[in-house]
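Working notes, structure below.
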Protein chains: 2
Amino acid sequence: MARDLSALFAPESVAVVGASDDPVKWGNWLARGALRGEARRRVYLVNRRGGEVLGRSAYASLGELPERPALAVLAVPPAALEGTVDEAIAAGTRALVVITAGEADGDAGGARDRALAERARDAGVVLLGPNCLGVFDAGAELDLVSNDLPRGSIGLISQSGNLALELGMLAADVGLGFSRFVSVGNQADVHVAELLHEMAAHDETQLIAVYVEDFRDGRAFASAAEAATRAGKPVLLMAIEHTEATARAVASHTGALASDSAAIDAACRAAGIVRVHAPQELVDIADGLLRARVMRGRRVGVLADGGGHAGIAAALLQRAGLELPGLSEGLRSELRDGLPATAAVANPIDLAGGGEQDIHSFDRTTGALLRSGEVDAVLLTGYFGGYAEYSDAMGRSEASVVEALADAAQAAGRPVVVQTMHPDTAASALLRRRGVPVFRSIERAVDVCARLAERGELAPAGVPALRPAAAPVADASTGDTDSSYTTARALLSAAGVPFVEARTVADADEAVDAAAELGYPVVLKALGTLHKSDAGGVALGLRDDSALAAALSDMRARLDPPAFTIERMAALSDGVELLIGARWDARFGPIALVGLGGVFTEILRDVAVALAPVDELHARSMLLSLRAAPLLQGARGRPVLDVDAAAAALAALSRVAASHPEIAAIEVNPLLALPGGALGLDARLELAAPNEAGR
Amino acid sequence: MARDLSALFAPESVAVVGASDDPVKWGNWLARGALRGEARRRVYLVNRRGGEVLGRSAYASLGELPERPALAVLAVPPAALEGTVDEAIAAGTRALVVITAGEADGDAGGARDRALAERARDAGVVLLGPNCLGVFDAGAELDLVSNDLPRGSIGLISQSGNLALELGMLAADVGLGFSRFVSVGNQADVHVAELLHEMAAHDETQLIAVYVEDFRDGRAFASAAEAATRAGKPVLLMAIEHTEATARAVASHTGALASDSAAIDAACRAAGIVRVHAPQELVDIADGLLRARVMRGRRVGVLADGGGHAGIAAALLQRAGLELPGLSEGLRSELRDGLPATAAVANPIDLAGGGEQDIHSFDRTTGALLRSGEVDAVLLTGYFGGYAEYSDAMGRSEASVVEALADAAQAAGRPVVVQTMHPDTAASALLRRRGVPVFRSIERAVDVCARLAERGELAPAGVPALRPAAAPVADASTGDTDSSYTTARALLSAAGVPFVEARTVADADEAVDAAAELGYPVVLKALGTLHKSDAGGVALGLRDDSALAAALSDMRARLDPPAFTIERMAALSDGVELLIGARWDARFGPIALVGLGGVFTEILRDVAVALAPVDELHARSMLLSLRAAPLLQGARGRPVLDVDAAAAALAALSRVAASHPEIAAIEVNPLLALPGGALGLDARLELAAPNEAGR
């Protein structure tokens, strides 16, 4: 059940502890900010020396206040923090915002943080921070931050103060701002998932932007983001990825390919989160999503007054995977009627000076394009927005064009996106007010179109629940041998992953008998050997008894394995080698992966990743999202392969991974996709180190 | 030999024909612009009605001027253009700038344009346009354009007026501008390659920016750009690519993969051109190349005052292929000594508030990084640039930090690049003046670092000269059969491309004899069949006489080919299938291509493209630039393949293509790269349609 966070955003009273007259101190900024909301609530300044602060008498402690303060913000020296928290709890505070950062706060999991959070929780007090930069709520006029922030409809949750400041500056430039801003600090108590839920329920917040370095419970975060997305509030995420390989899972391909960043991407797809990588990108995409409708397809009509802008926009749109459909003869003739003879009415449409001659060329053309249903959006690029420079009359005409463009977009339910070399004019401001996003650079206008199209296509895949933990896998590894292959094979076979038939044998006689049963050619593998393939513990394509016996005797001499397996050699050329795998991510839990197997796996890095477990339908869509998918579907005269069988194997493996938190990584590589069925040819398992198991 | 274009840029006298008092007419803008340079040259206004223009008496015709005008700019009605050109030639003009656009000027190859150009050339007159927007030379104070342009060191050649205007606005924002601007219009006489040569020789021009829709002679353009690059003047190219498939070469993979855009990329690599795709990108990269030194490696040190900016920059740099090296213990301890205890002195370096506490943390850290030699550049990101907001004293300190940063960059010969949320402050302006590029968005700062690194690594590959045309290939195609395979095979074999051994046979008896000579398994191909593979005209892996005879009889029944070939079946698993090919590009001439062959060719589009011919060394570097190159070099336990043999085949094929302008496309697919040698297994040839041959 969700906690009540109202005291954090709309308290009836606020106490600023550590309030100060010194204009370079947090206690000063916070006190001044709190007083700006005094029309809405009682504000108490607390300073242990008492006396006057900002011209009013300060209380020496929270205990002296005439009432229980709903919210207390603490900017006190680190050494005084614990005592002040106790004092605040004793004074009946319902929410604490802890600005104070101790020496060891770089360690977010620090013992002091945990102790503080526990004390607050025990008392039913909500604690934000420590080491946070405050909280801001535009509607409630709560302003407990160090800098002025623009007001608007973006809810911002950030783990960095300077980034929040930068986002505020960039947003203000285009008439956007924040409904709320929360700096999460060390997330000792209140964490990002809880705040996402709160923002999703906040009427004034229409879009949620998150910058986070530490997801804490990544699945809870993804679930909260999914709920916000489904409630119609897009979630934009800027996350720092850790580029070092996960220490536990380096031996498998899955560990190398399902990177930290890929896990974040998987969470984003599950939750419908829009992932961004930089502040300007975040604000530009927020601009597009807040102002424009999403696109119902990928078709864009481009309108410019000049071949240069038309051509550049067209090329960039195509690079971004959008389409520039040819226009029907009917539409072209309608467009031609309203334009000068020099205009090119293909797509892109180049008015070729027609805009200057008759500025209503812009809205006539845009209107016709939108009404036609032949495009899903119109991108207007180039000079438009600056005609007031010609004359006042031209400026007035331009304003009427803006109104007509906005009306046409609204009537058609299709977006108009504008790039202009005049982004700071009255016309551009009017475009924005009327719900038409305006960008200075064509790159960004195109990127926003691509995001609007993406958003129109994709619903959240859904954040799967974890499965109940199954009995842990027994680890039979000892020293330089391991049981990876046999254990993985047994576990996955039981779950329904098909493997090539195999016989365990102890010596050459047994091997020859097994081969006779299976039929030549066969594969011989030395069991219990770490990295058996690299160590020469696998012999492929053995055609007869003597080849088999020779290979076995050679392996025994070199590796002295406890046993061998004999397997039927699969006809690789009949199918496509895939890799299916999963790894346990410290933040997001089990992550499933599928990719092209064999020699191309790590060269091409053609993989799809999702939060595990995935069902068969989802597994199928992952397979079909690979660049190499045409090879499964009969491209270039190849046989059509059994995608359903491969998908079923992936789903089964993902369920195994999701029930076994002690498995760091598990993979089948290759899984041979065949015209009828799929066949695991090798497998690998890595258990977490004992102190990491049972997460 | 280069023509003398001095009259175009620095004429002793200028006549404006069509000069007007009407402030919305070109004749008005040009006349006012020309008069701004009157201190430097005599200016004559010409209007056929005579009378007064701009308060001075106008001449009724060029013939009435008191002297031969060095340059005449013509803004006359289309109908009067030819007569006015004749008049200007008769009046002894040395250069003509033709603003006038006729009705049919959309057709750049129009007959009227050609006739005008011929008349001018015959008279030794240089003609710019028609349909151009003028010319500007900052140093010569020649201002024959419609808008104010900022002055600076960029030479701009553009085929679009609005784009030039936009580039000017973006450049002015960051203190950059134009040394020259030339609008090329229809390029009837003066064209972009000639202007590139002229810009390369122009002292005040330090960087050349080109926007072009029509390259004319693309090789001449590339050669001119190569010369400019080698003269130390970077050339930035924004080109419109035509995305439709080249009509002539659609049947081959080479036609599909060596796209219009890939041909432009090939020309850029040959000439050392920096290709960009949008105006803001062009200006940002010009900013970086003009102000900063190129990087001598890919190692970047990141410095921020806050974990958010540090982490985002680090992630983006790694995505852009740059490196964030770990720092030596010696350097880290040097850095630690100068910074607060909370600072993280890994790479990225996070001052964690240290910048606020001591602003010289920035220059101390940057200086130490640059001096260490452990990084090739420093990227400073976040708040720096805005400390004057704290106090005047802080602003003065910040200015001294800027000087120290710039000095450190200069002393080390390594660039400092800055991203700041305060790009419009005095500190940022000072950074720019001192040679430190400053960007508002981290994406662009990172992109510029990547370009500086690229530029430090790559010299122009060189624009190869075309080869003398060889005797044309005879085309024996008729109706639904073609001679593509045999002709291509013969032509390429003669040039030194190795092919698998083959025997032409007429019937089953001959086939069996041939197979006995070659040894089973063999391949049977039906000759003279268009798309033989799709039509079932290829049978692979025939293991004995009866299989061969059956396949032949089946093909005969279905296809009735004039003949067959029998070829030894190559062991595909021993090698890697490549595709080598070439096509003739209408602008850039022969383009050579190499890529991964087989089923992955068009799925992966892993290709390298270059202007043909390429020599063996260049061919080798193309092969090794493929994503799949590790497969050639023994990755994952595979055999090391004979890259030299594959390179020799590619070089030989490229020489054939470069000697045969009548070949639209030629390819060997697959070319099997083997541990010893390379072997062509199939080939294809497309001749140009008769009216296109002999280009």
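Letters for chains follow the order of the structure tokens (A, B, ...), residue numbers begin at 1 for each chain, and ligand numbers begin at 1 in the order shown.
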Show me, as an MDAnalysis selection string, the residues of chain A whose atoms get within 6 Å of chain B, using only C-alpha atoms for the distance check.
chainID A and resid 160 166 240 308 311 421
How would the residues just chosen look if you wrote them out with C-alpha atoms as a compact mmCIF listing (two decimals), in the first residue's frame?
# COMPACT_ATOMS: atom_id res chain seq x y z
CA SER A 160 21.90 15.39 -9.47
CA GLU A 166 20.45 22.59 -16.45
CA ILE A 240 24.04 6.41 -15.96
CA GLY A 308 18.12 22.83 -49.15
CA GLY A 311 16.36 17.84 -48.90
CA MET A 421 16.13 29.29 -37.92
As a ChimeraX atom specification, please: the residues near range 502-518 of chain A (cut-off 10 Å, only C-alpha atoms, same-chain neighbours under 4 positions excluded).
/A:486,522-527,542-546,548-553,556,561-569,681
Using only C-alpha atoms, can you tell me which of B:Glu389, B:Glu198, B:Asp189, B:Asp424 comes closest to Leu156 in chain B?
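Among B:Glu389, B:Glu198, B:Asp189, B:Asp424, it is B:Glu198 that comes nearest to Leu156 in chain B.
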What are the DSSP strand (DSSP E) residues of range 296-373 of chain B, as number ranges by chain?
B: 300-304, 349-350
Dump N, CA and C atoms for the selected residues as a PDB file, in the first residue's frame?
ATOM      1  N   VAL B 300      40.103  10.494 -23.672  1.00  0.00           N
ATOM      2  CA  VAL B 300      39.544  11.738 -23.163  1.00  0.00           C
ATOM      3  C   VAL B 300      39.493  11.687 -21.642  1.00  0.00           C
ATOM      4  N   GLY B 301      39.888  12.769 -21.017  1.00  0.00           N
ATOM      5  CA  GLY B 301      39.698  12.936 -19.580  1.00  0.00           C
ATOM      6  C   GLY B 301      38.474  13.813 -19.365  1.00  0.00           C
ATOM      7  N   VAL B 302      37.567  13.358 -18.513  1.00  0.00           N
ATOM      8  CA  VAL B 302      36.338  14.121 -18.268  1.00  0.00           C
ATOM      9  C   VAL B 302      36.433  14.768 -16.892  1.00  0.00           C
ATOM     10  N   LEU B 303      36.073  16.053 -16.850  1.00  0.00           N
ATOM     11  CA  LEU B 303      36.099  16.804 -15.597  1.00  0.00           C
ATOM     12  C   LEU B 303      34.751  17.475 -15.407  1.00  0.00           C
ATOM     13  N   ALA B 304      34.127  17.222 -14.248  1.00  0.00           N
ATOM     14  CA  ALA B 304      32.834  17.841 -13.955  1.00  0.00           C
ATOM     15  C   ALA B 304      32.773  18.161 -12.476  1.00  0.00           C
ATOM     16  N   ILE B 349      36.450  12.560 -13.664  1.00  0.00           N
ATOM     17  CA  ILE B 349      36.772  13.217 -12.400  1.00  0.00           C
ATOM     18  C   ILE B 349      35.577  14.065 -11.981  1.00  0.00           C
ATOM     19  N   ASP B 350      35.087  13.813 -10.773  1.00  0.00           N
ATOM     20  CA  ASP B 350      33.965  14.590 -10.243  1.00  0.00           C
ATOM     21  C   ASP B 350      34.474  15.420  -9.071  1.00  0.00           C
TER      22      ASP B 350
END
Mind checking which residues fall within 8 Å of range 608-617 of chain A, counting only C-alpha atoms, ignoring those fewer than 3 positions away in the same chain, and posting them as a PyMOL selection string?
chain A and resi 258+262-263+265-267+269-270+463-467+582+588-595+620-623+625-626+644+647-648+650-651+654-655+657-658
Give me, please, the distance in Å between CA of Glu356 in chain A and CA of Leu133 in chain B, quoted to one decimal.
15.4 Å
Can you tell me, as a list in words, what residues are no more than 10 Å from Gly395 in chain A when counting only C-alpha atoms, ignoring any on the same chain fewer than 5 positions away?
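Within the cut-off, the hits are Ile359, Gly385, Gly386, Tyr387, Ala388, Glu389, Tyr390, Ser400, Val401, Ala426 and Ala427 of chain A.
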Mind checking which residues fall within 8 Å of range 665-673 of chain A, counting only C-alpha atoms, ignoring those fewer than 5 positions away in the same chain, and posting them as number ranges by chain?
A: 249, 252, 254-255, 488, 572, 575-584, 597-598, 632, 641-643, 645-646, 657, 678-687
CA of Asp392 in chain A to CA of Val436 in chain A: how many Å, to one decimal?
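Those two atoms sit 22.5 Å apart.
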Neighbours of range 134-146 of chain A within 7 Å (only C-alpha atoms; same-chain residues fewer than 3 positions away dropped), as a list in words?
Phe9, Ala10, Trp26, Trp29, Leu30, Gly33, Ala34, Gly37, Val97, Ile99, Arg151, Ser179, Arg180, Phe181, Val182 and Ser183 of chain A
Give me the residues within 12 Å of His191 in chain B as JSON, numbers by chain, counting only C-alpha atoms and dropping any in the same chain fewer than 5 places off.
{"B": [3, 5, 108, 117, 126, 127, 128, 129, 130, 132, 157, 158, 159, 182, 183, 184, 185, 186, 196, 197, 198, 210, 212, 213, 214, 215, 216, 217, 218, 220, 221, 224]}
Please produce a file of those selected residues containing N, CA and C atoms, as an mmCIF file, in the first residue's frame.
data_model
loop_
_atom_site.group_PDB
_atom_site.id
_atom_site.type_symbol
_atom_site.label_atom_id
_atom_site.label_comp_id
_atom_site.auth_asym_id
_atom_site.auth_seq_id
_atom_site.Cartn_x
_atom_site.Cartn_y
_atom_site.Cartn_z
ATOM 1 N N ARG B 3 41.510 29.104 -63.745
ATOM 2 C CA ARG B 3 41.135 30.415 -64.284
ATOM 3 C C ARG B 3 41.323 31.477 -63.208
ATOM 4 N N LEU B 5 39.809 33.994 -60.999
ATOM 5 C CA LEU B 5 38.476 34.344 -60.499
ATOM 6 C C LEU B 5 38.507 35.626 -59.672
ATOM 7 N N ALA B 108 18.722 22.044 -64.077
ATOM 8 C CA ALA B 108 20.057 22.642 -64.005
ATOM 9 C C ALA B 108 20.858 22.414 -65.282
ATOM 10 N N ALA B 117 26.496 30.088 -70.672
ATOM 11 C CA ALA B 117 27.833 29.765 -70.185
ATOM 12 C C ALA B 117 28.830 29.758 -71.332
ATOM 13 N N VAL B 126 33.955 35.101 -66.640
ATOM 14 C CA VAL B 126 33.555 34.147 -65.618
ATOM 15 C C VAL B 126 32.099 34.394 -65.256
ATOM 16 N N LEU B 127 31.272 33.330 -65.246
ATOM 17 C CA LEU B 127 29.844 33.516 -64.957
ATOM 18 C C LEU B 127 29.422 32.667 -63.760
ATOM 19 N N LEU B 128 28.888 33.333 -62.744
ATOM 20 C CA LEU B 128 28.376 32.640 -61.559
ATOM 21 C C LEU B 128 26.854 32.598 -61.660
ATOM 22 N N GLY B 129 26.263 31.425 -61.530
ATOM 23 C CA GLY B 129 24.817 31.272 -61.654
ATOM 24 C C GLY B 129 24.488 30.557 -62.945
ATOM 25 N N PRO B 130 23.342 30.845 -63.578
ATOM 26 C CA PRO B 130 22.257 31.712 -63.112
ATOM 27 C C PRO B 130 21.575 31.129 -61.875
ATOM 28 N N CYS B 132 21.602 32.260 -58.888
ATOM 29 C CA CYS B 132 22.386 32.258 -57.665
ATOM 30 C C CYS B 132 21.958 33.424 -56.798
ATOM 31 N N ILE B 157 30.440 27.708 -49.598
ATOM 32 C CA ILE B 157 29.923 27.518 -50.956
ATOM 33 C C ILE B 157 28.581 26.831 -50.789
ATOM 34 N N SER B 158 27.503 27.448 -51.263
ATOM 35 C CA SER B 158 26.183 26.877 -50.993
ATOM 36 C C SER B 158 25.287 26.947 -52.208
ATOM 37 N N GLN B 159 24.489 25.913 -52.332
ATOM 38 C CA GLN B 159 23.500 25.907 -53.399
ATOM 39 C C GLN B 159 22.126 26.285 -52.863
ATOM 40 N N VAL B 182 29.840 32.073 -51.471
ATOM 41 C CA VAL B 182 29.475 32.035 -52.882
ATOM 42 C C VAL B 182 28.239 31.164 -53.026
ATOM 43 N N SER B 183 27.212 31.727 -53.627
ATOM 44 C CA SER B 183 26.039 30.946 -53.988
ATOM 45 C C SER B 183 26.253 30.471 -55.418
ATOM 46 N N VAL B 184 26.223 29.168 -55.625
ATOM 47 C CA VAL B 184 26.626 28.673 -56.955
ATOM 48 C C VAL B 184 25.477 28.593 -57.948
ATOM 49 N N GLY B 185 24.230 28.623 -57.484
ATOM 50 C CA GLY B 185 23.104 28.545 -58.416
ATOM 51 C C GLY B 185 23.196 27.326 -59.301
ATOM 52 N N ASN B 186 22.923 27.523 -60.591
ATOM 53 C CA ASN B 186 22.848 26.378 -61.505
ATOM 54 C C ASN B 186 24.210 25.886 -61.994
ATOM 55 N N LEU B 196 36.187 25.570 -54.858
ATOM 56 C CA LEU B 196 36.971 24.940 -53.777
ATOM 57 C C LEU B 196 38.454 25.259 -53.939
ATOM 58 N N HIS B 197 38.948 25.152 -55.162
ATOM 59 C CA HIS B 197 40.355 25.486 -55.413
ATOM 60 C C HIS B 197 40.622 26.945 -55.036
ATOM 61 N N GLU B 198 39.707 27.797 -55.415
ATOM 62 C CA GLU B 198 39.885 29.226 -55.147
ATOM 63 C C GLU B 198 39.897 29.491 -53.630
ATOM 64 N N VAL B 210 30.671 23.418 -47.484
ATOM 65 C CA VAL B 210 30.000 23.270 -48.778
ATOM 66 C C VAL B 210 28.619 22.655 -48.576
ATOM 67 N N VAL B 212 25.851 21.278 -51.191
ATOM 68 C CA VAL B 212 25.709 21.088 -52.627
ATOM 69 C C VAL B 212 24.613 20.068 -52.922
ATOM 70 N N GLU B 213 23.798 20.362 -53.938
ATOM 71 C CA GLU B 213 22.763 19.434 -54.386
ATOM 72 C C GLU B 213 23.221 18.708 -55.648
ATOM 73 N N ASP B 214 24.091 19.361 -56.393
ATOM 74 C CA ASP B 214 24.540 18.830 -57.687
ATOM 75 C C ASP B 214 26.066 18.960 -57.729
ATOM 76 N N PHE B 215 26.763 17.809 -57.642
ATOM 77 C CA PHE B 215 28.223 17.847 -57.593
ATOM 78 C C PHE B 215 28.852 18.180 -58.938
ATOM 79 N N ARG B 216 28.087 18.106 -60.019
ATOM 80 C CA ARG B 216 28.677 18.129 -61.359
ATOM 81 C C ARG B 216 29.734 17.035 -61.448
ATOM 82 N N ASP B 217 30.960 17.380 -61.751
ATOM 83 C CA ASP B 217 32.013 16.364 -61.834
ATOM 84 C C ASP B 217 32.467 16.014 -60.412
ATOM 85 N N GLY B 218 31.930 14.935 -59.879
ATOM 86 C CA GLY B 218 32.187 14.581 -58.487
ATOM 87 C C GLY B 218 33.646 14.288 -58.199
ATOM 88 N N ALA B 220 36.231 15.671 -59.764
ATOM 89 C CA ALA B 220 36.938 16.955 -59.724
ATOM 90 C C ALA B 220 36.666 17.632 -58.387
ATOM 91 N N PHE B 221 35.426 17.514 -57.927
ATOM 92 C CA PHE B 221 35.079 18.070 -56.617
ATOM 93 C C PHE B 221 35.935 17.424 -55.526
ATOM 94 N N ALA B 224 39.560 18.563 -55.676
ATOM 95 C CA ALA B 224 39.731 19.924 -55.159
ATOM 96 C C ALA B 224 39.662 19.920 -53.642
#
My list of candidates is A:Ala470, A:Leu65, A:Leu674, A:Val497. Which is closest to Ser573 in chain A when distances are computed with only C-alpha atoms?
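Result for the nearest residue to Ser573 in chain A: A:Leu674.
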Tell me which of B:Leu370, B:Val17, B:Ala120, B:Leu45 sits closest to Ala80 in chain B, counting only C-alpha atoms.
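Among the listed residues, the smallest separation from Ala80 in chain B belongs to B:Val17.
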